[in-house]
Amino acid sequence: MKTTLTAIKADIGSVGGHIQPSRRLLETVLEHVKQHHRGMLIDFRVTYTGDDIAILCTHTGGVCNEEVHRLAWDAFKAGTDVAKDQGLYGAGQDLLKDAFAGNVRGLGPAVAEMEFEERTAEPFLFFAADKTDPGAYNLPLYLAFADPMYCSGLILSPSMFRGFSFTIMDVNHVEADRVITLNAPEELYDIASLLRDPERFVIESIHSRQTGEQAAAVSTTRLHNIAGKYTGKDDPIMLVRVQGAFPATGEVLAPFNLGAYVAGFMRGSHNGPLMPVKQNTGTSFFDGPPIVSCAAYCVHKGRLSGAVDAFDHPYWDRVRQKVSDKATEIRRQGFFGNAMLPYAELEYGGIVQKLKDLEHRFQIRGLDMKDSTPEKP
Ligand code: F6R
Ligand code: MG
Ligand code: MG
């Protein structure tokens, strides 16, 4: 019997701004799943990272399972009622449609899931990020699964010699899923050419070419593609199976020490370094910095072990300090240049409106007076 891991997350309201959910909100979501999961789930956990609540669950119903998705949707709806009752900020923010329609994809919540035959021991990592978007995982995944400078297993472990295949989604194509699968190491340069643009090309999944087994699943939701306007950054989640024919836990964690600059931060409109944090960390400086947490589990016959907080180790304290310095440094240049995202990626419409308002005041030099007379506002 195959096991399915499903992770679904949503921002449905938080205390004190876009910082973290209330205890009662978390308990409501957990209680809803507890009350309604019988006959459907084997196990589940409810956690938060920043202002996002994630339901991680196991079952045998396969990916995109209607009942499982409905349960998560209803749990978030129940949470939204509490968020409204408590007057929390952004109550129901990520529930962008009124009615459930078969599965939560395209309705607002982010989903990462995979189905597999459990190995004798099945360790995996659950990542949750806040104040950033799904492309934030592009670089860490590329380095962990395709670069022997970060993943020594690619040259030391024969079970990884054939490399991995990357399925990459063009998230700007909103009519339907537009995906491409490329093989590492042969097509490394093609993979890099796409991943360099994390706002458009996002790793959706990774498979072992040795065993055909799926190693990683990333949520690729783009909230503003669904809503057509600002609704908050997408705050992606990700599942990664580790060890054996997959990279070791430490090889998947290692690239997060870069604190690479990612899109998000304040108003989803800036670049900031991605800080690996302990679980249950909110956001702070400039509504950030963008954060990522990682819970390590084993799943056995669908039962989840206790979680180990992968970034709760003295090594990462120094990384966090370095990332704070990077965040301070880029913030010193305010709105200028690379500190703020390009026009098309701004999550707020203010600049677009401003440029429209200024349009009629531009003049083309060298035209005769008649042509260059500014239009009346
Ligand atoms: C970013 C985010 C926050 C808000 C900011 C302003 O994803 O959630 O940075 O954009 O706090 O929020 P509003 O416009 O709701 O006052
Ligand atoms: Mg929010
Ligand atoms: Mg969030």
# chains A, B, ... in the order shown; residues from 1 in each chain; ligands from 1

$ select_by_dssp --residues "region 185-352 of chain A" --states "helix (DSSP H, G or I)" --output "ChimeraX atom specification"
/A:188-195,223-227,249-258,266-268,285-287,314-331,337-339,343-345,350-352

$ residues_near_ligand --ligand "ligand 2" --cutoff "10 Å" --atoms "only C-alpha atoms and all ligand atoms" --output "list in words"
Ala10, Asp11, Ile12, Gly13, Ser14, Gly17, His18, Ile19, Gln20, Pro21, Gly50, Asp51, Asp52, Tyr89, Gly90, Ala91, Gly92, Gln93, Asp94, Asp130, Lys131, Thr231, Gly232, Lys233, Asp234, Asp235, Arg267, Gly268 and Asp287 of chain A

$ write_last_selection --atoms "N, CA, C and O atoms" --output "CSV table (one decimal), in the first residue's frame"
chain,number,residue,atom,x,y,z
A,10,ALA,N,-2.2,27.8,4.6
A,10,ALA,CA,-2.9,29.1,4.3
A,10,ALA,C,-2.6,30.1,5.4
A,10,ALA,O,-2.5,29.7,6.5
A,11,ASP,N,-2.7,31.3,4.9
A,11,ASP,CA,-2.7,32.5,5.9
A,11,ASP,C,-4.1,32.8,6.1
A,11,ASP,O,-4.8,33.3,5.2
A,12,ILE,N,-4.7,32.6,7.3
A,12,ILE,CA,-6.1,32.9,7.5
A,12,ILE,C,-6.3,33.9,8.6
A,12,ILE,O,-7.3,34.0,9.2
A,13,GLY,N,-5.2,34.6,8.9
A,13,GLY,CA,-5.3,35.7,9.9
A,13,GLY,C,-4.2,35.6,11.0
A,13,GLY,O,-3.8,34.5,11.3
A,14,SER,N,-3.8,36.8,11.5
A,14,SER,CA,-2.8,36.7,12.5
A,14,SER,C,-2.9,37.9,13.4
A,14,SER,O,-3.6,38.9,13.2
A,17,GLY,N,-0.7,42.3,13.1
A,17,GLY,CA,-0.2,42.5,11.7
A,17,GLY,C,0.0,41.1,11.1
A,17,GLY,O,-0.7,40.2,11.4
A,18,HIS,N,0.9,41.1,10.1
A,18,HIS,CA,1.1,39.8,9.4
A,18,HIS,C,2.2,39.0,10.1
A,18,HIS,O,3.2,38.7,9.5
A,19,ILE,N,2.1,38.7,11.4
A,19,ILE,CA,3.2,38.1,12.1
A,19,ILE,C,3.0,36.6,12.5
A,19,ILE,O,3.8,35.8,12.0
A,20,GLN,N,2.0,36.3,13.2
A,20,GLN,CA,1.8,34.9,13.5
A,20,GLN,C,0.3,34.7,14.0
A,20,GLN,O,-0.3,35.6,14.5
A,21,PRO,N,-0.2,33.5,13.8
A,21,PRO,CA,-1.6,33.2,14.1
A,21,PRO,C,-1.8,33.2,15.6
A,21,PRO,O,-0.9,33.0,16.4
A,50,GLY,N,5.7,31.9,10.5
A,50,GLY,CA,5.2,33.3,10.3
A,50,GLY,C,3.7,33.3,10.5
A,50,GLY,O,3.2,32.8,11.4
A,51,ASP,N,3.0,33.9,9.5
A,51,ASP,CA,1.5,34.0,9.6
A,51,ASP,C,0.8,32.9,8.9
A,51,ASP,O,-0.4,33.0,8.7
A,52,ASP,N,1.5,31.8,8.6
A,52,ASP,CA,0.8,30.8,7.8
A,52,ASP,C,0.7,29.5,8.6
A,52,ASP,O,1.6,29.1,9.4
A,89,TYR,N,-5.9,40.1,12.1
A,89,TYR,CA,-5.6,40.8,10.9
A,89,TYR,C,-5.6,39.9,9.7
A,89,TYR,O,-5.0,38.8,9.8
A,90,GLY,N,-6.2,40.3,8.6
A,90,GLY,CA,-6.1,39.4,7.4
A,90,GLY,C,-6.9,38.1,7.5
A,90,GLY,O,-6.5,37.1,6.9
A,91,ALA,N,-8.0,38.2,8.2
A,91,ALA,CA,-8.8,36.9,8.4
A,91,ALA,C,-9.3,36.4,7.1
A,91,ALA,O,-9.8,37.0,6.2
A,92,GLY,N,-8.9,35.1,6.9
A,92,GLY,CA,-9.3,34.4,5.6
A,92,GLY,C,-8.6,34.9,4.4
A,92,GLY,O,-9.0,34.6,3.2
A,93,GLN,N,-7.4,35.5,4.6
A,93,GLN,CA,-6.7,36.2,3.5
A,93,GLN,C,-6.4,35.2,2.3
A,93,GLN,O,-6.6,35.6,1.1
A,94,ASP,N,-6.0,34.0,2.5
A,94,ASP,CA,-5.6,33.1,1.4
A,94,ASP,C,-6.8,32.3,0.9
A,94,ASP,O,-6.6,31.5,-0.1
A,130,ASP,N,7.9,31.9,4.9
A,130,ASP,CA,7.0,33.0,4.9
A,130,ASP,C,7.6,34.2,4.4
A,130,ASP,O,8.9,34.4,4.4
A,131,LYS,N,6.8,35.1,3.8
A,131,LYS,CA,7.3,36.4,3.2
A,131,LYS,C,8.2,36.1,2.0
A,131,LYS,O,9.1,36.9,1.7
A,231,THR,N,-2.6,39.8,-2.7
A,231,THR,CA,-3.3,39.1,-1.7
A,231,THR,C,-2.3,38.6,-0.6
A,231,THR,O,-2.6,37.9,0.3
A,232,GLY,N,-1.0,39.0,-0.7
A,232,GLY,CA,0.0,38.4,0.2
A,232,GLY,C,0.9,37.6,-0.7
A,232,GLY,O,0.5,37.1,-1.7
A,233,LYS,N,2.1,37.4,-0.2
A,233,LYS,CA,3.1,36.5,-1.0
A,233,LYS,C,2.6,35.1,-0.8
A,233,LYS,O,1.9,34.7,0.1
A,234,ASP,N,3.2,34.2,-1.6
A,234,ASP,CA,2.7,32.9,-1.7
A,234,ASP,C,3.2,31.9,-0.6
A,234,ASP,O,2.5,30.9,-0.3
A,235,ASP,N,4.3,32.3,0.0
A,235,ASP,CA,4.7,31.6,1.2
A,235,ASP,C,4.7,30.1,1.0
A,235,ASP,O,3.9,29.4,1.6
A,267,ARG,N,5.6,43.9,2.1
A,267,ARG,CA,4.6,44.1,1.1
A,267,ARG,C,4.8,43.2,-0.1
A,267,ARG,O,4.4,43.5,-1.2
A,268,GLY,N,5.5,42.1,0.1
A,268,GLY,CA,5.8,41.2,-1.0
A,268,GLY,C,6.5,41.9,-2.2
A,268,GLY,O,6.3,41.4,-3.4
A,287,ASP,N,8.8,43.5,8.2
A,287,ASP,CA,7.9,42.3,7.9
A,287,ASP,C,8.6,41.1,7.5
A,287,ASP,O,8.2,40.3,6.6

$ select_by_dssp --residues "region 152-342 of chain A" --states "strand (DSSP E)" --output "ChimeraX atom specification"
/A:164-170,179-183,201-208,214-218,237-241,261-264,270-273,275-276,291-300,303-304,308-309

$ closest_residue --among "A:Gln333, A:Thr60, A:Thr281, A:Gln243" --to "ligand 3" --atoms "only C-alpha atoms and all ligand atoms"
A:Thr281

$ residues_around --residues "Arg24 (chain A)" --least-positions-apart "2" --cutoff "12 Å" --atoms "only C-alpha atoms" --output "PDB file with C-alpha atoms, in the first residue's frame"
ATOM      1  CA  GLY A  13      -5.317  35.676   9.918  1.00  0.00           C
ATOM      2  CA  SER A  14      -2.766  36.735  12.487  1.00  0.00           C
ATOM      3  CA  VAL A  15      -2.090  38.783  15.589  1.00  0.00           C
ATOM      4  CA  GLN A  20       1.750  34.898  13.522  1.00  0.00           C
ATOM      5  CA  PRO A  21      -1.623  33.208  14.131  1.00  0.00           C
ATOM      6  CA  SER A  22      -3.339  33.226  17.525  1.00  0.00           C
ATOM      7  CA  LEU A  26      -4.255  27.139  15.595  1.00  0.00           C
ATOM      8  CA  GLU A  27      -6.310  25.076  18.040  1.00  0.00           C
ATOM      9  CA  THR A  28      -9.448  25.534  15.936  1.00  0.00           C
ATOM     10  CA  VAL A  29      -7.736  24.221  12.791  1.00  0.00           C
ATOM     11  CA  LEU A  30      -6.222  21.299  14.746  1.00  0.00           C
ATOM     12  CA  GLU A  31      -9.549  20.494  16.427  1.00  0.00           C
ATOM     13  CA  ALA A  78     -13.506  27.113  10.560  1.00  0.00           C
ATOM     14  CA  GLY A  79     -10.265  28.914  11.461  1.00  0.00           C
ATOM     15  CA  THR A  80     -11.334  31.952   9.449  1.00  0.00           C
ATOM     16  CA  ASP A  81     -14.563  32.204  11.462  1.00  0.00           C
ATOM     17  CA  VAL A  82     -12.477  32.286  14.654  1.00  0.00           C
ATOM     18  CA  ALA A  83     -10.024  34.794  13.126  1.00  0.00           C
ATOM     19  CA  LYS A  84     -12.981  37.059  12.305  1.00  0.00           C
ATOM     20  CA  ASP A  85     -14.451  36.568  15.750  1.00  0.00           C
ATOM     21  CA  GLN A  86     -11.117  37.495  17.360  1.00  0.00           C
ATOM     22  CA  LEU A  88      -7.365  39.066  13.710  1.00  0.00           C
TER      23      LEU A  88
END

$ closest_residue --among "A:Gly288, A:Phe116, A:Met1, A:Phe76" --to "ligand 3" --atoms "only C-alpha atoms and all ligand atoms"
A:Gly288

$ closest_residue --among "A:Lys2, A:His224, A:His173, A:Lys34" --to "ligand 1" --atoms "only C-alpha atoms and all ligand atoms"
A:His224

$ closest_residue --among "A:Phe161, A:Tyr150, A:Glu187, A:Pro289" --to "Ala263 (chain A)" --atoms "only C-alpha atoms"
A:Pro289

$ residues_around --residues "Ala101 (chain A)" --least-positions-apart "3" --cutoff "12 Å" --atoms "only C-alpha atoms" --output "mmCIF file with N, CA, C and O atoms, in the first residue's frame"
data_model
loop_
_atom_site.group_PDB
_atom_site.id
_atom_site.type_symbol
_atom_site.label_atom_id
_atom_site.label_comp_id
_atom_site.auth_asym_id
_atom_site.auth_seq_id
_atom_site.Cartn_x
_atom_site.Cartn_y
_atom_site.Cartn_z
ATOM 1 N N CYS A 64 -3.990 14.964 -4.632
ATOM 2 C CA CYS A 64 -5.182 15.673 -5.115
ATOM 3 C C CYS A 64 -6.464 14.974 -4.670
ATOM 4 O O CYS A 64 -7.453 14.968 -5.400
ATOM 5 N N ASN A 65 -6.429 14.352 -3.514
ATOM 6 C CA ASN A 65 -7.586 13.604 -3.030
ATOM 7 C C ASN A 65 -8.677 14.574 -2.550
ATOM 8 O O ASN A 65 -8.445 15.404 -1.666
ATOM 9 N N GLU A 66 -9.847 14.444 -3.136
ATOM 10 C CA GLU A 66 -10.915 15.422 -2.876
ATOM 11 C C GLU A 66 -11.288 15.518 -1.395
ATOM 12 O O GLU A 66 -11.431 16.606 -0.849
ATOM 13 N N GLU A 67 -11.405 14.345 -0.747
ATOM 14 C CA GLU A 67 -11.830 14.351 0.657
ATOM 15 C C GLU A 67 -10.796 15.030 1.555
ATOM 16 O O GLU A 67 -11.136 15.800 2.460
ATOM 17 N N HIS A 69 -8.460 17.226 0.644
ATOM 18 C CA HIS A 69 -8.412 18.661 0.359
ATOM 19 C C HIS A 69 -9.620 19.379 0.969
ATOM 20 O O HIS A 69 -9.507 20.473 1.488
ATOM 21 N N ARG A 70 -10.781 18.717 0.909
ATOM 22 C CA ARG A 70 -11.980 19.334 1.484
ATOM 23 C C ARG A 70 -11.824 19.511 2.996
ATOM 24 O O ARG A 70 -12.200 20.536 3.564
ATOM 25 N N TRP A 73 -9.648 22.465 3.569
ATOM 26 C CA TRP A 73 -10.398 23.684 3.233
ATOM 27 C C TRP A 73 -11.379 24.032 4.350
ATOM 28 O O TRP A 73 -11.451 25.177 4.817
ATOM 29 N N ASP A 74 -12.121 23.016 4.803
ATOM 30 C CA ASP A 74 -13.106 23.260 5.865
ATOM 31 C C ASP A 74 -12.429 23.662 7.178
ATOM 32 O O ASP A 74 -12.947 24.494 7.928
ATOM 33 N N LYS A 97 -11.488 31.906 -2.979
ATOM 34 C CA LYS A 97 -12.774 31.584 -3.624
ATOM 35 C C LYS A 97 -13.781 31.245 -2.526
ATOM 36 O O LYS A 97 -13.400 30.832 -1.424
ATOM 37 N N ASP A 98 -15.066 31.378 -2.845
ATOM 38 C CA ASP A 98 -16.087 31.129 -1.822
ATOM 39 C C ASP A 98 -16.340 29.649 -1.610
ATOM 40 O O ASP A 98 -16.539 29.197 -0.493
ATOM 41 N N VAL A 104 -7.993 21.948 -3.527
ATOM 42 C CA VAL A 104 -7.715 23.347 -3.132
ATOM 43 C C VAL A 104 -6.807 24.087 -4.112
ATOM 44 O O VAL A 104 -6.606 25.287 -3.974
ATOM 45 N N ARG A 105 -6.281 23.362 -5.116
ATOM 46 C CA ARG A 105 -5.432 24.054 -6.097
ATOM 47 C C ARG A 105 -6.255 25.137 -6.810
ATOM 48 O O ARG A 105 -7.362 24.879 -7.260
ATOM 49 N N GLY A 106 -5.703 26.324 -6.901
ATOM 50 C CA GLY A 106 -6.416 27.409 -7.564
ATOM 51 C C GLY A 106 -7.425 28.118 -6.668
ATOM 52 O O GLY A 106 -8.102 29.038 -7.103
ATOM 53 N N LEU A 107 -7.512 27.703 -5.422
ATOM 54 C CA LEU A 107 -8.450 28.376 -4.506
ATOM 55 C C LEU A 107 -7.721 29.277 -3.516
ATOM 56 O O LEU A 107 -8.347 30.004 -2.765
ATOM 57 N N GLY A 108 -6.391 29.197 -3.472
ATOM 58 C CA GLY A 108 -5.621 30.053 -2.566
ATOM 59 C C GLY A 108 -4.611 29.309 -1.714
ATOM 60 O O GLY A 108 -3.421 29.636 -1.721
#

$ closest_residue --among "A:Gln363, A:Thr4, A:Thr328, A:Thr283" --to "Glu118 (chain A)" --atoms "only C-alpha atoms"
A:Thr4

$ residues_around --residues "Ile55 (chain A)" --least-positions-apart "5" --cutoff "12 Å" --atoms "only C-alpha atoms" --output "PyMOL selection string"
chain A and resi 5-11+26-27+29-34+37+41+43-49+68-69+71-76+109-113+126+128+237

$ write_last_selection --atoms "N, CA and C atoms" --output "short mmCIF file (atom, residue, chain, number, x, y, z; two decimals), in the first residue's frame"
data_model
loop_
_atom_site.label_atom_id
_atom_site.label_comp_id
_atom_site.auth_asym_id
_atom_site.auth_seq_id
_atom_site.Cartn_x
_atom_site.Cartn_y
_atom_site.Cartn_z
N LEU A 5 1.80 11.70 1.37
CA LEU A 5 2.07 12.83 2.27
C LEU A 5 1.42 14.04 1.64
N THR A 6 0.56 14.72 2.39
CA THR A 6 -0.08 15.93 1.87
C THR A 6 0.18 17.07 2.85
N ALA A 7 0.68 18.18 2.33
CA ALA A 7 0.85 19.39 3.16
C ALA A 7 0.06 20.51 2.49
N ILE A 8 -0.79 21.16 3.25
CA ILE A 8 -1.60 22.27 2.73
C ILE A 8 -1.48 23.43 3.70
N LYS A 9 -1.20 24.62 3.19
CA LYS A 9 -1.04 25.75 4.12
C LYS A 9 -1.80 26.97 3.63
N ALA A 10 -2.19 27.80 4.59
CA ALA A 10 -2.88 29.05 4.25
C ALA A 10 -2.65 30.08 5.35
N ASP A 11 -2.66 31.34 4.94
CA ASP A 11 -2.68 32.46 5.89
C ASP A 11 -4.14 32.81 6.09
N LEU A 26 -4.97 28.41 15.82
CA LEU A 26 -4.25 27.14 15.59
C LEU A 26 -5.04 25.97 16.15
N GLU A 27 -5.56 26.16 17.39
CA GLU A 27 -6.31 25.08 18.04
C GLU A 27 -7.59 24.74 17.28
N VAL A 29 -8.08 25.00 13.99
CA VAL A 29 -7.74 24.22 12.79
C VAL A 29 -7.41 22.78 13.20
N LEU A 30 -6.60 22.64 14.26
CA LEU A 30 -6.22 21.30 14.75
C LEU A 30 -7.47 20.51 15.16
N GLU A 31 -8.34 21.16 15.92
CA GLU A 31 -9.55 20.49 16.43
C GLU A 31 -10.44 20.04 15.28
N HIS A 32 -10.55 20.89 14.24
CA HIS A 32 -11.40 20.52 13.10
C HIS A 32 -10.86 19.24 12.44
N VAL A 33 -9.54 19.21 12.25
CA VAL A 33 -8.95 18.02 11.61
C VAL A 33 -9.16 16.81 12.52
N LYS A 34 -8.96 17.00 13.82
CA LYS A 34 -9.14 15.90 14.78
C LYS A 34 -10.56 15.33 14.70
N HIS A 37 -11.24 13.67 10.79
CA HIS A 37 -10.26 12.95 9.96
C HIS A 37 -10.52 11.44 9.89
N LEU A 41 -7.61 10.07 7.27
CA LEU A 41 -6.18 10.30 7.52
C LEU A 41 -5.62 9.23 8.45
N ASP A 43 -2.47 10.05 10.00
CA ASP A 43 -1.83 10.90 11.00
C ASP A 43 -1.81 12.34 10.49
N PHE A 44 -1.57 13.28 11.37
CA PHE A 44 -1.52 14.69 10.95
C PHE A 44 -0.81 15.54 11.99
N ARG A 45 -0.32 16.70 11.56
CA ARG A 45 0.28 17.71 12.43
C ARG A 45 -0.21 19.08 11.95
N VAL A 46 -0.41 20.00 12.88
CA VAL A 46 -0.75 21.37 12.51
C VAL A 46 0.32 22.29 13.09
N THR A 47 0.98 23.07 12.23
CA THR A 47 2.08 23.93 12.68
C THR A 47 1.93 25.31 12.03
N TYR A 48 2.76 26.25 12.44
CA TYR A 48 2.76 27.53 11.75
C TYR A 48 4.19 28.02 11.50
N THR A 49 4.35 28.82 10.47
CA THR A 49 5.61 29.53 10.19
C THR A 49 5.21 30.94 9.78
N VAL A 68 -9.53 14.72 1.29
CA VAL A 68 -8.44 15.29 2.11
C VAL A 68 -8.38 16.80 1.90
N HIS A 69 -8.46 17.23 0.64
CA HIS A 69 -8.41 18.66 0.36
C HIS A 69 -9.62 19.38 0.97
N LEU A 71 -11.24 18.49 3.63
CA LEU A 71 -11.03 18.56 5.07
C LEU A 71 -10.16 19.78 5.42
N ALA A 72 -9.06 19.96 4.65
CA ALA A 72 -8.17 21.10 4.92
C ALA A 72 -8.90 22.42 4.67
N TRP A 73 -9.65 22.47 3.57
CA TRP A 73 -10.40 23.68 3.23
C TRP A 73 -11.38 24.03 4.35
N ASP A 74 -12.12 23.02 4.80
CA ASP A 74 -13.11 23.26 5.87
C ASP A 74 -12.43 23.66 7.18
N ALA A 75 -11.25 23.07 7.46
CA ALA A 75 -10.51 23.44 8.68
C ALA A 75 -10.09 24.91 8.60
N PHE A 76 -9.64 25.33 7.41
CA PHE A 76 -9.24 26.75 7.25
C PHE A 76 -10.46 27.67 7.32
N PRO A 109 -5.03 28.27 -0.96
CA PRO A 109 -4.05 27.55 -0.14
C PRO A 109 -2.95 26.92 -1.00
N ALA A 110 -1.75 26.78 -0.43
CA ALA A 110 -0.64 26.15 -1.15
C ALA A 110 -0.62 24.65 -0.81
N VAL A 111 -0.26 23.83 -1.79
CA VAL A 111 -0.25 22.37 -1.62
C VAL A 111 1.07 21.78 -2.08
N ALA A 112 1.63 20.89 -1.26
CA ALA A 112 2.77 20.06 -1.70
C ALA A 112 2.43 18.64 -1.28
N GLU A 113 2.47 17.70 -2.22
CA GLU A 113 2.14 16.32 -1.82
C GLU A 113 2.82 15.31 -2.72
N PHE A 126 9.95 18.64 6.01
CA PHE A 126 8.84 19.51 5.65
C PHE A 126 9.30 20.96 5.86
N ALA A 128 8.64 25.08 5.43
CA ALA A 128 7.59 26.10 5.29
C ALA A 128 8.27 27.46 5.34
N ILE A 237 5.52 25.93 0.63
CA ILE A 237 5.89 24.77 1.44
C ILE A 237 6.53 23.74 0.51
#

$ residues_around --residues "Tyr137 (chain A)" --least-positions-apart "2" --cutoff "9 Å" --atoms "only C-alpha atoms" --output "PyMOL selection string"
chain A and resi 133-135+139-142+198+202-203+218+236+238

$ write_last_selection --atoms "C-alpha atoms" --output "CSV table (one decimal), in the first residue's frame"
chain,number,residue,atom,x,y,z
A,133,ASP,CA,7.4,32.8,-3.1
A,134,PRO,CA,8.0,29.3,-4.4
A,135,GLY,CA,11.0,30.3,-6.5
A,139,LEU,CA,18.6,27.6,-5.6
A,140,PRO,CA,18.7,25.3,-2.5
A,141,LEU,CA,17.2,22.4,-4.5
A,142,TYR,CA,19.5,22.9,-7.4
A,198,PRO,CA,12.6,32.3,-9.8
A,202,VAL,CA,9.8,27.2,-10.3
A,203,ILE,CA,10.8,23.7,-9.4
A,218,VAL,CA,7.0,22.1,-4.0
A,236,PRO,CA,5.7,28.2,-0.2
A,238,MET,CA,8.0,21.8,0.3

$ closest_residue --among "A:Pro342, A:Gly334, A:Gly282, A:Pro273" --to "ligand 3" --atoms "only C-alpha atoms and all ligand atoms"
A:Gly282

$ residues_around --residues "region 307-324 of chain A" --least-positions-apart "5" --cutoff "7 Å" --atoms "only C-alpha atoms" --output "ChimeraX atom specification"
/A:257,259,273,275-279,293-297

$ write_last_selection --atoms "all heavy atoms" --output "mmCIF file, in the first residue's frame"
data_model
loop_
_atom_site.group_PDB
_atom_site.id
_atom_site.type_symbol
_atom_site.label_atom_id
_atom_site.label_comp_id
_atom_site.auth_asym_id
_atom_site.auth_seq_id
_atom_site.Cartn_x
_atom_site.Cartn_y
_atom_site.Cartn_z
ATOM 1 N N ASN A 257 22.419 27.761 4.088
ATOM 2 C CA ASN A 257 23.346 28.644 4.811
ATOM 3 C C ASN A 257 23.753 29.851 3.972
ATOM 4 O O ASN A 257 24.395 30.767 4.465
ATOM 5 C CB ASN A 257 24.576 27.881 5.332
ATOM 6 C CG ASN A 257 25.595 27.588 4.257
ATOM 7 O OD1 ASN A 257 25.352 27.844 3.079
ATOM 8 N ND2 ASN A 257 26.734 27.037 4.649
ATOM 9 N N GLY A 259 21.661 32.040 2.724
ATOM 10 C CA GLY A 259 20.773 33.190 2.946
ATOM 11 C C GLY A 259 20.611 33.950 1.644
ATOM 12 O O GLY A 259 20.772 35.173 1.590
ATOM 13 N N PRO A 273 17.165 38.459 2.169
ATOM 14 C CA PRO A 273 17.823 37.159 2.315
ATOM 15 C C PRO A 273 16.941 36.180 3.078
ATOM 16 O O PRO A 273 16.259 36.561 4.027
ATOM 17 C CB PRO A 273 19.075 37.515 3.120
ATOM 18 C CG PRO A 273 18.662 38.697 3.933
ATOM 19 C CD PRO A 273 17.666 39.467 3.118
ATOM 20 N N MET A 275 16.128 33.571 5.650
ATOM 21 C CA MET A 275 16.732 33.186 6.929
ATOM 22 C C MET A 275 16.182 31.833 7.402
ATOM 23 O O MET A 275 14.973 31.696 7.592
ATOM 24 C CB MET A 275 16.439 34.254 7.987
ATOM 25 C CG MET A 275 17.003 33.911 9.357
ATOM 26 S SD MET A 275 16.555 35.139 10.611
ATOM 27 C CE MET A 275 17.778 36.396 10.305
ATOM 28 N N PRO A 276 17.052 30.819 7.604
ATOM 29 C CA PRO A 276 16.583 29.555 8.178
ATOM 30 C C PRO A 276 16.295 29.760 9.666
ATOM 31 O O PRO A 276 17.174 30.206 10.411
ATOM 32 C CB PRO A 276 17.769 28.604 7.974
ATOM 33 C CG PRO A 276 18.909 29.431 7.489
ATOM 34 C CD PRO A 276 18.498 30.845 7.346
ATOM 35 N N VAL A 277 15.056 29.475 10.084
ATOM 36 C CA VAL A 277 14.653 29.760 11.474
ATOM 37 C C VAL A 277 14.142 28.508 12.177
ATOM 38 O O VAL A 277 13.776 27.517 11.544
ATOM 39 C CB VAL A 277 13.534 30.831 11.528
ATOM 40 C CG1 VAL A 277 14.039 32.179 11.047
ATOM 41 C CG2 VAL A 277 12.304 30.394 10.741
ATOM 42 N N LYS A 278 14.078 28.612 13.509
ATOM 43 C CA LYS A 278 13.458 27.556 14.300
ATOM 44 C C LYS A 278 11.965 27.567 14.025
ATOM 45 O O LYS A 278 11.406 28.593 13.617
ATOM 46 C CB LYS A 278 13.706 27.807 15.791
ATOM 47 C CG LYS A 278 15.169 27.811 16.144
ATOM 48 C CD LYS A 278 15.376 28.188 17.596
ATOM 49 C CE LYS A 278 16.848 28.492 17.827
ATOM 50 N NZ LYS A 278 17.178 28.921 19.171
ATOM 51 N N GLN A 279 11.321 26.432 14.295
ATOM 52 C CA GLN A 279 9.883 26.383 14.102
ATOM 53 C C GLN A 279 9.189 27.367 15.014
ATOM 54 O O GLN A 279 9.732 27.745 16.062
ATOM 55 C CB GLN A 279 9.394 24.975 14.372
ATOM 56 C CG GLN A 279 9.922 24.044 13.310
ATOM 57 C CD GLN A 279 9.176 22.752 13.316
ATOM 58 O OE1 GLN A 279 9.459 21.894 14.124
ATOM 59 N NE2 GLN A 279 8.232 22.645 12.429
ATOM 60 N N SER A 293 11.422 27.458 7.730
ATOM 61 C CA SER A 293 11.624 26.495 8.822
ATOM 62 C C SER A 293 11.656 25.090 8.220
ATOM 63 O O SER A 293 11.199 24.883 7.091
ATOM 64 C CB SER A 293 10.489 26.589 9.846
ATOM 65 O OG SER A 293 9.294 26.069 9.281
ATOM 66 N N CYS A 294 12.199 24.142 8.975
ATOM 67 C CA CYS A 294 12.275 22.768 8.473
ATOM 68 C C CYS A 294 12.046 21.775 9.609
ATOM 69 O O CYS A 294 12.788 21.776 10.592
ATOM 70 C CB CYS A 294 13.633 22.528 7.826
ATOM 71 S SG CYS A 294 13.844 20.812 7.318
ATOM 72 N N ALA A 295 11.015 20.959 9.453
ATOM 73 C CA ALA A 295 10.740 19.896 10.424
ATOM 74 C C ALA A 295 11.126 18.567 9.791
ATOM 75 O O ALA A 295 10.690 18.256 8.679
ATOM 76 C CB ALA A 295 9.258 19.885 10.783
ATOM 77 N N ALA A 296 11.970 17.801 10.496
ATOM 78 C CA ALA A 296 12.404 16.493 9.977
ATOM 79 C C ALA A 296 11.582 15.391 10.642
ATOM 80 O O ALA A 296 11.405 15.392 11.877
ATOM 81 C CB ALA A 296 13.885 16.306 10.265
ATOM 82 N N TYR A 297 11.060 14.470 9.836
ATOM 83 C CA TYR A 297 10.212 13.367 10.341
ATOM 84 C C TYR A 297 10.679 12.033 9.771
ATOM 85 O O TYR A 297 11.390 11.996 8.754
ATOM 86 C CB TYR A 297 8.769 13.526 9.849
ATOM 87 C CG TYR A 297 7.977 14.677 10.402
ATOM 88 C CD1 TYR A 297 7.915 15.884 9.715
ATOM 89 C CD2 TYR A 297 7.258 14.543 11.585
ATOM 90 C CE1 TYR A 297 7.152 16.942 10.195
ATOM 91 C CE2 TYR A 297 6.496 15.592 12.073
ATOM 92 C CZ TYR A 297 6.450 16.783 11.378
ATOM 93 O OH TYR A 297 5.700 17.829 11.863
#
